[in-house]
>>> print(open('input06.csv').read())   # CSV, C-alpha atoms
chain,number,residue,atom,x,y,z
D,1,MET,CA,82.3,96.3,127.5
D,2,HIS,CA,81.0,99.5,128.9
D,3,ILE,CA,82.1,103.1,128.9
D,4,GLY,CA,80.1,104.7,131.7
D,5,PRO,CA,76.5,103.9,131.1
D,6,TYR,CA,77.0,102.9,127.4
D,7,ALA,CA,77.3,99.2,126.4
D,8,LEU,CA,79.4,98.8,123.3
D,9,ALA,CA,78.7,96.3,120.6
D,10,ASN,CA,82.2,94.8,120.8
D,11,ASN,CA,85.8,95.7,121.7
D,12,LEU,CA,87.0,96.8,118.2
D,13,PHE,CA,87.4,100.6,118.0
D,14,VAL,CA,88.0,103.1,115.3
D,15,ALA,CA,90.9,105.5,116.1
D,16,PRO,CA,90.3,109.2,115.8
D,17,MET,CA,92.3,110.4,112.8
D,18,ALA,CA,92.4,114.1,111.7
D,19,GLY,CA,90.9,114.5,108.2
D,20,VAL,CA,89.6,110.9,108.2
D,21,THR,CA,87.2,110.0,111.0
D,22,ASP,CA,84.4,112.4,110.1
D,23,ARG,CA,80.8,111.4,110.5
D,24,PRO,CA,80.4,109.5,107.2
D,25,PHE,CA,83.5,107.4,107.8
D,26,ARG,CA,82.6,106.7,111.5
D,27,MET,CA,79.1,105.6,110.4
D,28,LEU,CA,80.6,103.3,107.7
D,29,CYS,CA,83.0,101.6,110.1
D,30,LYS,CA,80.2,101.0,112.6
D,31,LYS,CA,78.1,99.6,109.9
D,32,LEU,CA,80.9,97.2,109.0
D,33,GLY,CA,81.6,95.9,112.5
D,34,ALA,CA,83.3,98.5,114.7
D,35,GLY,CA,81.9,98.7,118.2
D,36,TYR,CA,83.0,102.3,118.8
D,37,ALA,CA,84.3,105.3,117.0
D,38,VAL,CA,85.8,108.6,118.1
D,39,SER,CA,85.5,111.8,116.2
D,40,GLU,CA,88.4,113.9,114.8
D,41,MET,CA,89.7,116.2,117.4
D,42,VAL,CA,87.7,119.4,118.0
D,43,THR,CA,89.7,122.4,119.1
D,44,SER,CA,89.1,123.9,122.5
D,45,ARG,CA,89.6,127.4,121.1
D,46,PRO,CA,86.1,129.2,121.2
D,47,ASP,CA,87.1,131.6,118.5
D,48,LEU,CA,87.2,128.6,116.1
D,49,TRP,CA,83.9,126.9,117.1
D,50,ASP,CA,81.9,128.8,114.5
D,51,THR,CA,84.1,127.9,111.6
D,52,LEU,CA,82.9,125.5,109.0
D,53,LYS,CA,85.7,123.1,109.8
D,54,THR,CA,84.7,122.8,113.4
D,55,SER,CA,81.0,122.7,112.6
D,56,ARG,CA,81.6,119.7,110.4
D,57,ARG,CA,83.6,117.9,113.0
D,58,ALA,CA,80.8,118.5,115.5
D,59,ASN,CA,78.2,117.1,113.1
D,60,HIS,CA,76.6,113.9,114.4
D,61,GLU,CA,73.4,113.7,112.3
D,62,GLY,CA,72.2,110.2,112.1
D,63,GLU,CA,75.1,108.7,114.1
D,64,ALA,CA,74.3,105.9,116.4
D,65,SER,CA,74.9,106.1,120.1
D,66,PRO,CA,77.3,106.4,121.8
D,67,ILE,CA,78.6,109.6,120.2
D,68,ALA,CA,82.3,110.2,121.2
D,69,VAL,CA,84.1,113.5,120.6
D,70,GLN,CA,87.8,114.1,121.1
D,71,ILE,CA,88.8,117.6,122.3
D,72,ALA,CA,92.3,119.1,122.2
D,73,GLY,CA,93.9,122.1,123.9
D,74,THR,CA,96.3,123.3,126.6
D,75,ASP,CA,94.1,125.4,128.9
D,76,ALA,CA,92.1,123.6,131.6
D,77,GLN,CA,89.1,126.0,131.6
D,78,MET,CA,89.0,126.2,127.8
D,79,MET,CA,89.0,122.4,127.6
D,80,ALA,CA,86.1,122.3,130.1
D,81,ASP,CA,84.2,124.8,128.0
D,82,ALA,CA,84.9,122.7,124.9
D,83,ALA,CA,83.5,119.7,126.6
D,84,ALA,CA,80.3,121.7,127.5
D,85,TYR,CA,80.1,123.0,123.9
D,86,ASN,CA,80.2,119.5,122.4
D,87,ILE,CA,77.8,118.0,125.0
D,88,ASP,CA,75.3,120.7,123.8
D,89,ARG,CA,75.8,119.3,120.3
D,90,GLY,CA,75.2,115.7,121.1
D,91,ALA,CA,78.4,114.3,122.5
D,92,GLN,CA,77.8,111.4,124.9
D,93,ILE,CA,81.5,110.6,125.7
D,94,MET,CA,84.3,113.1,125.9
D,95,ASP,CA,87.8,112.0,124.9
D,96,ILE,CA,90.9,114.1,125.8
D,97,ASN,CA,93.7,114.1,123.2
D,98,MET,CA,97.2,113.6,124.6
D,99,GLY,CA,98.3,111.4,121.7
D,100,CYS,CA,98.5,113.6,118.6
D,101,PRO,CA,102.1,113.9,117.4
D,102,ALA,CA,101.6,116.5,114.7
D,103,LYS,CA,104.0,119.4,115.0
D,104,LYS,CA,101.3,122.1,114.5
D,105,VAL,CA,99.5,120.6,117.6
D,106,CYS,CA,102.6,119.9,119.7
D,107,ASN,CA,104.1,123.2,119.0
D,108,LYS,CA,101.1,124.7,120.9
D,109,TRP,CA,101.7,122.2,123.7
D,110,ALA,CA,98.6,120.3,122.9
D,111,GLY,CA,98.2,116.6,122.0
D,112,SER,CA,101.1,114.5,123.1
D,113,ALA,CA,103.1,117.5,124.1
D,114,LEU,CA,100.9,117.6,127.3
D,115,MET,CA,102.7,114.5,128.4
D,116,GLN,CA,105.7,116.7,129.1
D,117,ASP,CA,103.8,118.6,131.8
D,118,GLU,CA,102.1,116.1,134.1
D,119,THR,CA,100.7,118.8,136.4
D,120,LEU,CA,99.0,120.6,133.5
D,121,ALA,CA,97.8,117.2,132.1
D,122,LEU,CA,96.1,116.4,135.3
D,123,GLN,CA,94.6,119.9,135.6
D,124,ILE,CA,93.0,119.4,132.2
D,125,VAL,CA,91.6,116.0,133.1
D,126,GLU,CA,90.1,117.2,136.3
D,127,ALA,CA,88.5,120.2,134.6
D,128,VAL,CA,87.0,118.2,131.8
D,129,VAL,CA,85.7,115.5,134.3
D,130,ALA,CA,84.1,118.3,136.4
D,131,ALA,CA,82.4,119.8,133.3
D,132,CYS,CA,81.1,116.4,132.2
D,133,ALA,CA,79.9,115.0,135.5
D,134,PRO,CA,76.6,116.9,135.8
D,135,HIS,CA,75.6,115.6,132.4
D,136,ASN,CA,76.6,112.0,133.2
D,137,VAL,CA,79.1,112.1,130.3
D,138,PRO,CA,82.1,109.8,130.8
D,139,VAL,CA,85.5,111.1,130.1
D,140,THR,CA,88.2,109.0,128.4
D,141,LEU,CA,91.9,109.7,127.6
D,142,LYS,CA,94.0,108.8,124.6
D,143,MET,CA,97.8,109.2,124.9
D,144,ARG,CA,101.1,107.8,123.8
D,145,THR,CA,103.7,105.9,125.8
D,146,GLY,CA,105.5,109.2,126.5
D,147,TRP,CA,107.2,112.1,124.9
D,148,ALA,CA,110.4,110.2,124.1
D,149,GLN,CA,112.1,106.9,124.5
D,150,THR,CA,113.9,108.3,127.6
D,151,HIS,CA,110.7,109.7,129.1
D,152,LYS,CA,107.9,107.2,129.0
D,153,ASN,CA,105.3,108.3,131.6
D,154,ALA,CA,102.1,106.8,130.3
D,155,LEU,CA,101.7,104.8,133.5
D,156,ILE,CA,102.0,107.9,135.8
D,157,ILE,CA,99.5,109.9,133.8
D,158,ALA,CA,97.1,106.9,133.4
D,159,ARG,CA,97.1,106.4,137.2
D,160,SER,CA,96.4,110.1,137.8
D,161,ALA,CA,93.7,110.2,135.2
D,162,GLU,CA,91.9,107.2,136.7
D,163,SER,CA,92.1,108.8,140.2
D,164,ALA,CA,90.6,112.0,138.7
D,165,GLY,CA,87.6,110.1,137.2
D,166,VAL,CA,88.6,109.1,133.7
D,167,GLN,CA,86.7,106.0,132.8
D,168,MET,CA,88.8,104.6,130.0
D,169,VAL,CA,92.4,105.0,128.7
D,170,THR,CA,93.8,104.3,125.3
D,171,VAL,CA,97.5,104.0,124.8
D,172,HIS,CA,99.2,104.2,121.4
D,173,GLY,CA,102.4,102.1,121.7
D,174,ARG,CA,104.7,104.8,120.4
D,175,THR,CA,106.3,107.9,121.9
D,176,ARG,CA,105.6,111.3,120.4
D,177,GLU,CA,109.3,111.3,119.2
D,178,GLN,CA,108.5,108.3,117.0
D,179,GLY,CA,105.5,109.9,115.3
D,180,TYR,CA,104.2,107.0,113.2
D,181,LYS,CA,107.7,105.6,112.4
D,182,GLY,CA,109.3,102.5,113.7
D,183,PHE,CA,107.1,99.9,115.4
D,184,ALA,CA,104.6,100.1,118.2
D,185,GLU,CA,105.6,98.4,121.5
D,186,TYR,CA,103.1,96.8,123.8
D,187,ASP,CA,104.9,96.4,127.1
D,188,THR,CA,104.0,99.8,128.2
D,189,ILE,CA,100.3,99.1,127.4
D,190,ALA,CA,100.5,95.9,129.4
D,191,GLU,CA,101.9,97.8,132.4
D,192,VAL,CA,99.2,100.4,132.2
D,193,LYS,CA,96.5,97.6,132.0
D,194,ALA,CA,98.0,95.8,135.0
D,195,ALA,CA,97.9,98.9,137.1
D,196,LEU,CA,94.4,100.2,136.3
D,197,ARG,CA,90.9,99.1,137.2
D,198,ILE,CA,89.2,101.0,134.3
D,199,PRO,CA,89.2,99.6,130.7
D,200,VAL,CA,92.5,100.0,128.8
D,201,VAL,CA,92.6,100.1,125.0
D,202,ALA,CA,95.6,99.1,122.9
D,203,ASN,CA,96.5,101.1,119.8
D,204,GLY,CA,99.3,101.0,117.2
D,205,ASP,CA,100.2,98.7,114.2
D,206,ILE,CA,97.1,96.5,114.6
D,207,ASN,CA,96.7,95.7,111.0
D,208,SER,CA,95.2,92.2,110.8
D,209,PRO,CA,92.9,89.8,112.7
D,210,GLU,CA,95.9,87.8,114.0
D,211,LYS,CA,97.6,91.0,115.2
D,212,ALA,CA,94.4,92.1,117.1
D,213,ARG,CA,94.2,88.7,118.8
D,214,ASP,CA,97.9,88.7,119.7
D,215,VAL,CA,97.9,92.3,121.1
D,216,LEU,CA,94.9,91.6,123.2
D,217,ALA,CA,96.5,88.5,124.6
D,218,TYR,CA,99.9,90.1,125.2
D,219,THR,CA,98.7,93.3,126.8
D,220,GLY,CA,95.6,92.0,128.6
D,221,ALA,CA,93.8,95.1,127.1
D,222,ASP,CA,90.1,95.3,127.1
D,223,ALA,CA,89.9,96.5,123.5
D,224,VAL,CA,91.9,97.3,120.4
D,225,MET,CA,91.8,100.5,118.4
D,226,LEU,CA,92.5,100.3,114.7
D,227,GLY,CA,93.5,103.4,112.6
D,228,ARG,CA,95.3,103.4,109.3
D,229,VAL,CA,94.4,99.8,108.4
D,230,ALA,CA,90.7,101.0,108.1
D,231,GLN,CA,91.6,103.6,105.5
D,232,GLY,CA,90.2,102.0,102.3
D,233,ARG,CA,89.4,98.8,104.2
D,234,PRO,CA,86.6,99.7,106.6
D,235,TRP,CA,85.4,96.0,106.5
D,236,ILE,CA,88.5,95.2,108.6
D,237,PHE,CA,86.3,95.4,111.7
D,238,ARG,CA,84.0,92.6,110.6
D,239,GLU,CA,87.0,90.5,109.5
D,240,VAL,CA,88.6,90.9,113.0
D,241,ALA,CA,85.3,90.1,114.7
D,242,HIS,CA,84.8,87.0,112.7
D,243,PHE,CA,88.3,85.8,113.3
D,244,MET,CA,88.0,86.4,117.0
D,245,ALA,CA,84.8,84.5,117.2
D,246,THR,CA,85.6,81.6,114.9
D,247,GLY,CA,89.4,81.4,114.5
D,248,THR,CA,88.8,81.4,110.7
D,249,HIS,CA,89.1,84.2,108.1
D,250,LEU,CA,86.1,85.8,106.6
D,251,ALA,CA,86.1,85.9,102.8
D,252,PRO,CA,87.2,89.2,101.4
D,253,PRO,CA,84.2,91.4,100.3
D,254,LEU,CA,82.7,91.1,96.8
D,255,VAL,CA,83.8,93.7,94.3
D,256,VAL,CA,80.1,94.6,93.8
D,257,GLU,CA,79.7,95.2,97.6
D,258,VAL,CA,82.8,97.4,97.8
D,259,LYS,CA,81.5,99.4,94.8
D,260,ARG,CA,78.2,99.9,96.7
D,261,LEU,CA,79.9,100.8,100.0
D,262,LEU,CA,82.2,103.4,98.4
D,263,LEU,CA,79.4,105.0,96.3
D,264,GLU,CA,77.2,105.3,99.5
D,265,HIS,CA,80.2,106.7,101.4
D,266,LEU,CA,80.8,109.3,98.7
D,267,LEU,CA,77.2,110.5,98.7
D,268,ASP,CA,77.2,110.9,102.4
D,269,HIS,CA,80.6,112.7,102.2
D,270,TYR,CA,79.3,115.1,99.6
D,271,THR,CA,76.3,115.8,101.8
D,272,LEU,CA,78.5,116.9,104.7
D,273,TYR,CA,81.1,118.8,102.7
D,274,GLY,CA,79.3,120.1,99.7
D,275,GLU,CA,80.5,119.6,96.1
D,276,PHE,CA,83.6,121.8,95.9
D,277,THR,CA,85.2,120.5,99.2
D,278,GLY,CA,83.6,117.1,99.0
D,279,VAL,CA,85.1,116.1,95.7
D,280,ARG,CA,88.5,117.1,96.7
D,281,SER,CA,88.5,115.6,100.2
D,282,ALA,CA,87.0,112.4,98.9
D,283,ARG,CA,90.0,111.8,96.7
D,284,LYS,CA,92.1,110.4,99.6
D,285,HIS,CA,89.4,108.0,100.5
D,286,ILE,CA,89.0,106.7,96.9
D,287,GLY,CA,92.8,106.5,96.7
D,288,TRP,CA,93.0,104.3,99.7
D,289,TYR,CA,90.3,102.0,98.4
D,290,VAL,CA,92.0,101.4,95.0
D,291,LYS,CA,95.7,101.7,96.0
D,292,SER,CA,96.4,98.0,96.0
D,293,LEU,CA,93.9,97.0,93.3
D,294,PRO,CA,94.8,96.2,89.7
D,295,GLY,CA,94.9,99.5,87.7
D,296,GLY,CA,94.4,101.4,91.0
D,297,GLU,CA,97.3,103.8,90.7
D,298,ALA,CA,96.5,104.8,87.1
D,299,PHE,CA,92.8,105.3,88.0
D,300,ARG,CA,93.8,107.4,91.0
D,301,ALA,CA,95.8,109.8,88.9
D,302,GLN,CA,92.9,110.1,86.5
D,303,MET,CA,90.3,110.5,89.2
D,304,ASN,CA,92.3,113.3,90.9
D,305,LEU,CA,91.7,115.5,87.9
D,306,LEU,CA,87.9,115.3,88.2
D,307,GLN,CA,86.1,118.4,89.5
D,308,ASP,CA,82.5,117.5,90.2
D,309,CYS,CA,80.6,114.9,92.2
D,310,GLU,CA,78.8,113.3,89.3
D,311,GLU,CA,82.0,112.7,87.3
D,312,GLN,CA,83.7,111.3,90.4
D,313,LEU,CA,80.8,108.9,91.2
D,314,GLN,CA,80.6,107.7,87.6
D,315,ALA,CA,84.4,107.1,87.4
D,316,VAL,CA,84.4,105.1,90.6
D,317,GLY,CA,81.4,103.1,89.4
D,318,THR,CA,83.1,102.3,86.1
D,319,PHE,CA,86.3,101.3,87.8
D,320,PHE,CA,84.7,98.8,90.0
D,321,GLU,CA,82.4,97.5,87.2
D,322,ASP,CA,85.5,96.8,85.1
D,323,LEU,CA,87.3,95.2,88.1
D,324,GLY,CA,84.2,93.0,88.7
D,325,GLU,CA,84.6,91.5,85.3
D,326,ARG,CA,88.1,90.3,86.2
D,327,MET,CA,87.5,89.1,89.8
D,328,ASP,CA,84.6,88.4,92.1
D,329,ARG,CA,86.3,89.5,95.4
D,330,ILE,CA,88.7,92.2,96.5
D,331,PRO,CA,92.2,90.6,97.0
D,332,PRO,CA,92.7,89.6,100.7
D,333,GLY,CA,94.6,92.0,103.0
D,334,THR,CA,94.2,95.1,100.7
D,335,GLY,CA,95.0,98.2,102.7
D,336,TYR,CA,97.6,99.5,105.2
D,337,GLU,CA,100.3,96.9,105.9
D,338,GLY,CA,102.4,98.6,108.5
D,339,GLY,CA,103.9,97.0,111.6
D,340,ARG,CA,105.3,93.6,112.3
D,341,GLU,CA,104.0,90.4,113.7
D,342,LEU,CA,104.0,90.6,117.4
D,343,GLN,CA,106.8,88.7,119.0
D,344,SER,CA,106.6,87.3,122.5
D,345,GLY,CA,109.2,88.4,125.0
D,346,LYS,CA,109.9,91.8,126.4
D,347,ASN,CA,113.3,92.2,124.9
D,348,LYS,CA,112.2,91.3,121.3
D,349,ASN,CA,109.3,93.8,121.7
D,350,GLN,CA,111.6,96.5,122.8
D,351,GLU,CA,114.0,95.8,120.0
D,352,GLU,CA,111.1,96.3,117.5
D,353,ALA,CA,110.2,99.6,119.1
D,354,SER,CA,113.7,101.0,118.6
D,355,ALA,CA,114.3,99.5,115.2
>>> encode(input="input06.csv", output="structure tokens")
Amino acid sequence: MHIGPYALANNLFVAPMAGVTDRPFRMLCKKLGAGYAVSEMVTSRPDLWDTLKTSRRANHEGEASPIAVQIAGTDAQMMADAAAYNIDRGAQIMDINMGCPAKKVCNKWAGSALMQDETLALQIVEAVVAACAPHNVPVTLKMRTGWAQTHKNALIIARSAESAGVQMVTVHGRTREQGYKGFAEYDTIAEVKAALRIPVVANGDINSPEKARDVLAYTGADAVMLGRVAQGRPWIFREVAHFMATGTHLAPPLVVEVKRLLLEHLLDHYTLYGEFTGVRSARKHIGWYVKSLPGGEAFRAQMNLLQDCEEQLQAVGTFFEDLGERMDRIPPGTGYEGGRELQSGKNKNQEEASA
């Protein structure tokens, strides 16, 4: 699969997630089998570009190509300028955010709120494509099925975006109204795929190798994008890749491997954020790793009280050493368990979406 001039390792993508898909997390997921990862969204507001938060989100040191950056905003010229800003900092693919359902984003008419104004959405797409074209930087678009169940316009926007030069579209199978509640539906994604010539990516509730296979088959999509399931389970990508290639399940990772992966992740995390912020922002990652493990909740409560990197590293190491004395491998399926098994038939799928 290609995005513009870039050949991807496979069709298993990491979804952009605010506060999660920073450079250390993206690099870890790629190392464990993801073919592509998109950054957290970077604001189009120039007055925020020099902030520490934005500089960290625009950090791509050591990240393998292609480097994909998601930008968010409501003004076409500001979005074009944001694209140029990120290209100067190493971005090779530019993704436009029309999918974020967060109130603080939508209240400013950014993210999925843009789907309510198709004219503005197209103006933004055209401006970003024009800014990226001289640099041979492909533009992609991530969106939802629509703003609400009664106003699903993903197909209209996808067609317009393709005509304007967007080279890949990702559709999360929920409306903005749903947020992350209920269940993703895939009929809209299938309709978008059937109508476009460019690659289409399916996103939403893909939480197992079987679900990835079924969503690809049902929608005809070119790739799947995994989000919450990778939190605390970044090896899900190699599990899906193995299942797709062989039809069999890969053995869960050894406890000793997870210990090594997490400790390496933490060290990279501290390097990006520094000790004070790094220790605190690492807590959620550690919590995801241990949530479903024996003794995980008690350890999480204890770990959240630690204030420095060395203590946090030592506590994590000790937890997994003790766990390794009780079991060789992580229990299968540890991690996010949202969504339902995909049912064939349009009516059943629509019933799931409104459940």
>>> residues_near_point(input="input06.csv", point="(98.6, 101.8, 133.3)", cutoff="8 Å", atoms="all atoms listed in the file", output="list in words")
Ala154, Leu155, Ile156, Ala158, Arg159, Thr188, Ile189, Ala190, Glu191, Val192, Lys193, Ala194, Ala195, Leu196 and Val200 of chain D
>>> closest_atom_pairs(input="input06.csv", of="region 252-329 of chain D", to="region 54-69 of chain D", cutoff="12 Å", atoms="only C-alpha atoms", output="CSV")
residue,atom,partner,partner_atom,distance
D:Asp268,CA,D:Gly62,CA,10.9
D:His269,CA,D:Arg56,CA,10.8
D:Tyr270,CA,D:Arg56,CA,12.0
D:Thr271,CA,D:Arg56,CA,10.8
D:Leu272,CA,D:Arg56,CA,7.1
D:Tyr273,CA,D:Arg56,CA,7.8
D:Gly274,CA,D:Arg56,CA,11.0
D:Thr277,CA,D:Arg56,CA,11.8
D:Gly278,CA,D:Arg56,CA,11.9
>>> closest_atom_pairs(input="input06.csv", of="region 203-321 of chain D", to="region 7-10 of chain D", cutoff="12 Å", atoms="only C-alpha atoms", output="CSV")
residue,atom,partner,partner_atom,distance
D:Asp222,CA,D:Asn10,CA,10.1
D:Ala223,CA,D:Asn10,CA,8.3
D:Val224,CA,D:Asn10,CA,10.0
D:Met225,CA,D:Asn10,CA,11.4
D:Phe237,CA,D:Asn10,CA,10.0
D:Arg238,CA,D:Asn10,CA,10.6
D:Val240,CA,D:Asn10,CA,10.8
D:Ala241,CA,D:Asn10,CA,8.3
D:His242,CA,D:Asn10,CA,11.5
D:Met244,CA,D:Asn10,CA,10.9
D:Ala245,CA,D:Asn10,CA,11.2
>>> closest_residue(input="input06.csv", among="D:Ser44, D:Thr150, D:Gln312, D:Thr140", to="Ala84 (chain D)", atoms="all atoms listed in the file")
D:Ser44
>>> residues_around(input="input06.csv", residues="Val129 (chain D)", least_positions_apart="2", cutoff="12 Å", atoms="all atoms listed in the file", output="PDB file with C-alpha atoms, in the frame of the given file")
ATOM      1  CA  ALA D  76      92.100 123.600 131.600  1.00  0.00           C
ATOM      2  CA  GLN D  77      89.100 126.000 131.600  1.00  0.00           C
ATOM      3  CA  MET D  79      89.000 122.400 127.600  1.00  0.00           C
ATOM      4  CA  ALA D  80      86.100 122.300 130.100  1.00  0.00           C
ATOM      5  CA  ASP D  81      84.200 124.800 128.000  1.00  0.00           C
ATOM      6  CA  ALA D  82      84.900 122.700 124.900  1.00  0.00           C
ATOM      7  CA  ALA D  83      83.500 119.700 126.600  1.00  0.00           C
ATOM      8  CA  ALA D  84      80.300 121.700 127.500  1.00  0.00           C
ATOM      9  CA  ILE D  93      81.500 110.600 125.700  1.00  0.00           C
ATOM     10  CA  MET D  94      84.300 113.100 125.900  1.00  0.00           C
ATOM     11  CA  ASP D  95      87.800 112.000 124.900  1.00  0.00           C
ATOM     12  CA  ILE D  96      90.900 114.100 125.800  1.00  0.00           C
ATOM     13  CA  LEU D 122      96.100 116.400 135.300  1.00  0.00           C
ATOM     14  CA  GLN D 123      94.600 119.900 135.600  1.00  0.00           C
ATOM     15  CA  ILE D 124      93.000 119.400 132.200  1.00  0.00           C
ATOM     16  CA  VAL D 125      91.600 116.000 133.100  1.00  0.00           C
ATOM     17  CA  GLU D 126      90.100 117.200 136.300  1.00  0.00           C
ATOM     18  CA  ALA D 127      88.500 120.200 134.600  1.00  0.00           C
ATOM     19  CA  ALA D 131      82.400 119.800 133.300  1.00  0.00           C
ATOM     20  CA  CYS D 132      81.100 116.400 132.200  1.00  0.00           C
ATOM     21  CA  ALA D 133      79.900 115.000 135.500  1.00  0.00           C
ATOM     22  CA  PRO D 134      76.600 116.900 135.800  1.00  0.00           C
ATOM     23  CA  HIS D 135      75.600 115.600 132.400  1.00  0.00           C
ATOM     24  CA  ASN D 136      76.600 112.000 133.200  1.00  0.00           C
ATOM     25  CA  VAL D 137      79.100 112.100 130.300  1.00  0.00           C
ATOM     26  CA  PRO D 138      82.100 109.800 130.800  1.00  0.00           C
ATOM     27  CA  VAL D 139      85.500 111.100 130.100  1.00  0.00           C
ATOM     28  CA  THR D 140      88.200 109.000 128.400  1.00  0.00           C
ATOM     29  CA  LEU D 141      91.900 109.700 127.600  1.00  0.00           C
ATOM     30  CA  ALA D 161      93.700 110.200 135.200  1.00  0.00           C
ATOM     31  CA  GLU D 162      91.900 107.200 136.700  1.00  0.00           C
ATOM     32  CA  SER D 163      92.100 108.800 140.200  1.00  0.00           C
ATOM     33  CA  ALA D 164      90.600 112.000 138.700  1.00  0.00           C
ATOM     34  CA  GLY D 165      87.600 110.100 137.200  1.00  0.00           C
ATOM     35  CA  VAL D 166      88.600 109.100 133.700  1.00  0.00           C
ATOM     36  CA  GLN D 167      86.700 106.000 132.800  1.00  0.00           C
TER      37      GLN D 167
END
>>> closest_residue(input="input06.csv", among="D:Leu226, D:Ile198, D:Ala148, D:Asp205", to="Thr21 (chain D)", atoms="all atoms listed in the file")
D:Leu226
>>> closest_residue(input="input06.csv", among="D:Asn203, D:Met41, D:Thr246, D:Met168", to="Tyr180 (chain D)", atoms="all atoms listed in the file")
D:Asn203
>>> residues_around(input="input06.csv", residues="Leu262 (chain D)", least_positions_apart="4", cutoff="12 Å", atoms="all atoms listed in the file", output="ChimeraX atom specification")
/D:24-25,28-29,231-235,255-258,266-269,282-283,285-290,312-317,319-320
>>> closest_residue(input="input06.csv", among="D:Ser281, D:Ser39, D:Ser160, D:Gln92", to="Tyr6 (chain D)", atoms="all atoms listed in the file")
D:Gln92
>>> atom_distance(input="input06.csv", atom1="CA of Pro253 (chain D)", atom2="CA of Leu216 (chain D)")
25.3 Å
>>> closest_residue(input="input06.csv", among="D:Met78, D:Leu323, D:Leu250, D:Ile206", to="Val229 (chain D)", atoms="all atoms listed in the file")
D:Ile206
>>> atom_distance(input="input06.csv", atom1="CA of Val169 (chain D)", atom2="CA of Lys142 (chain D)")
5.8 Å
>>> residues_around(input="input06.csv", residues="Arg144 (chain D)", least_positions_apart="6", cutoff="10 Å", atoms="only C-alpha atoms", output="PyMOL selection string")
chain D and resi 97-101+111-113+115+152-154+170-176+179+188-189+203-204
>>> write_last_selection(input="input06.csv", atoms="C-alpha atoms", output="compact mmCIF listing (two decimals), in the coordinates of the input")
# COMPACT_ATOMS: atom_id res chain seq x y z
CA ASN D 97 93.70 114.10 123.20
CA MET D 98 97.20 113.60 124.60
CA GLY D 99 98.30 111.40 121.70
CA CYS D 100 98.50 113.60 118.60
CA PRO D 101 102.10 113.90 117.40
CA GLY D 111 98.20 116.60 122.00
CA SER D 112 101.10 114.50 123.10
CA ALA D 113 103.10 117.50 124.10
CA MET D 115 102.70 114.50 128.40
CA LYS D 152 107.90 107.20 129.00
CA ASN D 153 105.30 108.30 131.60
CA ALA D 154 102.10 106.80 130.30
CA THR D 170 93.80 104.30 125.30
CA VAL D 171 97.50 104.00 124.80
CA HIS D 172 99.20 104.20 121.40
CA GLY D 173 102.40 102.10 121.70
CA ARG D 174 104.70 104.80 120.40
CA THR D 175 106.30 107.90 121.90
CA ARG D 176 105.60 111.30 120.40
CA GLY D 179 105.50 109.90 115.30
CA THR D 188 104.00 99.80 128.20
CA ILE D 189 100.30 99.10 127.40
CA ASN D 203 96.50 101.10 119.80
CA GLY D 204 99.30 101.00 117.20
